[in-house]
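> Next up is a structure, given as structure tokens.
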Amino acid sequence: LAATQRSFIMMHAFKTPFMGYACEWSPFESNKLAIATAQHFGVVGNGKQHILQVDTKGVIEKSSILSSIPSSAQMMQPLPCKQLAIFNTNDGIYDCAWSEVNENHVISACGDGTIRLWDIISHSNPLRAYTGHNAEVYAVDWNIVSKQHFVSGSWDQSIKLWDPMRAVCLGNFLGHRAVIYDVVWCPHNNFLFASTSEDRHLLLWDQRKPSNQMRSQQNDGSAAVLAIPGHQHEILSCDFSKYDKNIIVTGSC
């Protein structure tokens, strides 16, 4: 390689029977990956939650810095991944998140309005099913600061805060005027999370200040800490900068 200055990119491949909606690396083990999938593009059909083991050594040869790899780099034959577990649901799975306190626990956002908690080494699954949403759950995220709670965003236009061990909803957050596509915890603040929606707004929330009543007729985001009209079309995703607490990015259609 050194003599010819040629670069080779090695990658892994795993063919899921359904369409992939989300993939998340384990916060405990660098070679474990959770993949959420839904049949028929999530319009109708079942779901599968895959747990994979990936040999991450040598995924990129020559350099660990992507920018140093020229565009002429050659792709090697994809390497297989080992499936550690698979969990089936009657409706599509649109998102997933790893527990921040148990390396074997994964939650799935399901099309039947539930969030399912799986244990990848248990023979009795799901461990819990969190109910309360009235439509598809499209996003879930675990608090990476306190590690004690997770949030879920649904097409019923609500966000819910959960205690995973007691399967108890700790609060409802109402303010979006359309279906919710993403919800993400801030990596710098124990109480702050963000959400995006078809209503073209980014909302910031304080988990200590849930909505006191059901959604008002105006539903103008006033329950949120901050409402930002970010795009001309629906906002599908958002993420906080890991390096600057004042920066958040959004992606729209």
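Each chain in the structure tokens gets a letter, A, B and so on, in the order shown; residues start at 1 in every chain, and ligands are counted from 1 in the order they appear.
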Set the distance at 8 Å and use only C-alpha atoms: which residues neighbour Val54 in chain A once local chain neighbours fewer than 4 positions away are removed? I'd like the list as a list in words.
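Everything that qualifies: His12, Asn31, Lys32, Leu33, Cys81 and Lys82 of chain A.
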> Quick one: residues within 7 Å of Ala22 in chain A, only C-alpha atoms, excluding same-chain residues fewer than 5 positions away - as a PyMOL selection string?
chain A and resi 35-36+94-96
> Once you have the residues from the selection above, write them out as a compact mmCIF listing (two decimals), in the first residue's frame, restricted to N, CA and C atoms.

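Dumped everything to part24.txt:
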```txt
# COMPACT_ATOMS: atom_id res chain seq x y z
N ILE A 35 -30.38 -1.66 15.19
CA ILE A 35 -30.98 -1.19 13.95
C ILE A 35 -32.49 -1.38 14.03
N ALA A 36 -33.23 -0.30 13.82
CA ALA A 36 -34.69 -0.34 13.82
C ALA A 36 -35.19 -0.40 12.38
N TYR A 94 -39.65 2.65 14.23
CA TYR A 94 -39.16 3.85 13.57
C TYR A 94 -37.89 4.43 14.20
N ASP A 95 -37.59 4.04 15.42
CA ASP A 95 -36.40 4.57 16.08
C ASP A 95 -36.02 3.63 17.21
N CYS A 96 -34.79 3.79 17.71
CA CYS A 96 -34.34 2.98 18.83
C CYS A 96 -33.28 3.75 19.60
```
> Compile the contact shell of Ser252 in chain A as a list in words: residues with an atom at most 10 Å away, counting only C-alpha atoms, same-chain residues fewer than 5 positions apart removed.
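Listing them by chain and then by number gives Thr196, Ser197, Glu198, Arg200, Gly230, His231, Gln232, His233, Glu234, Ile235, Leu236, Ser237 and Cys238 of chain A.
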> Could you pull the residues within 7 Å of Phe240 in chain A, counting only C-alpha atoms, minus those fewer than 6 positions along the same chain, as a list in words?
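Residues near the query, excluding close chain neighbours: Cys186, Ile247, Ile248 and Val249 of chain A.
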> For a test of reading the model, state the distance in Å between CA of Glu103 in chain A and CA of Ser30 in chain A, rounded to one decimal.
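Atom-to-atom, CA of Glu103 in chain A to CA of Ser30 in chain A, that is 11.3 Å.
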> Rounded to one decimal place, report the CA of Gln49 in chain A-CA of Asn90 in chain A distance in Å.
11.6 Å
> Between A:Ile86, A:Met165, A:Ala109, A:Ala139, which has the minimum distance to Ile121 in chain A (counting only C-alpha atoms)?
A:Ile86
> Could you work out how far CA of Asn172 in chain A lies from CA of Asp112 in chain A, giving the answer in Å with one decimal?
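Distance reported for this atom pair: 18.5 Å.
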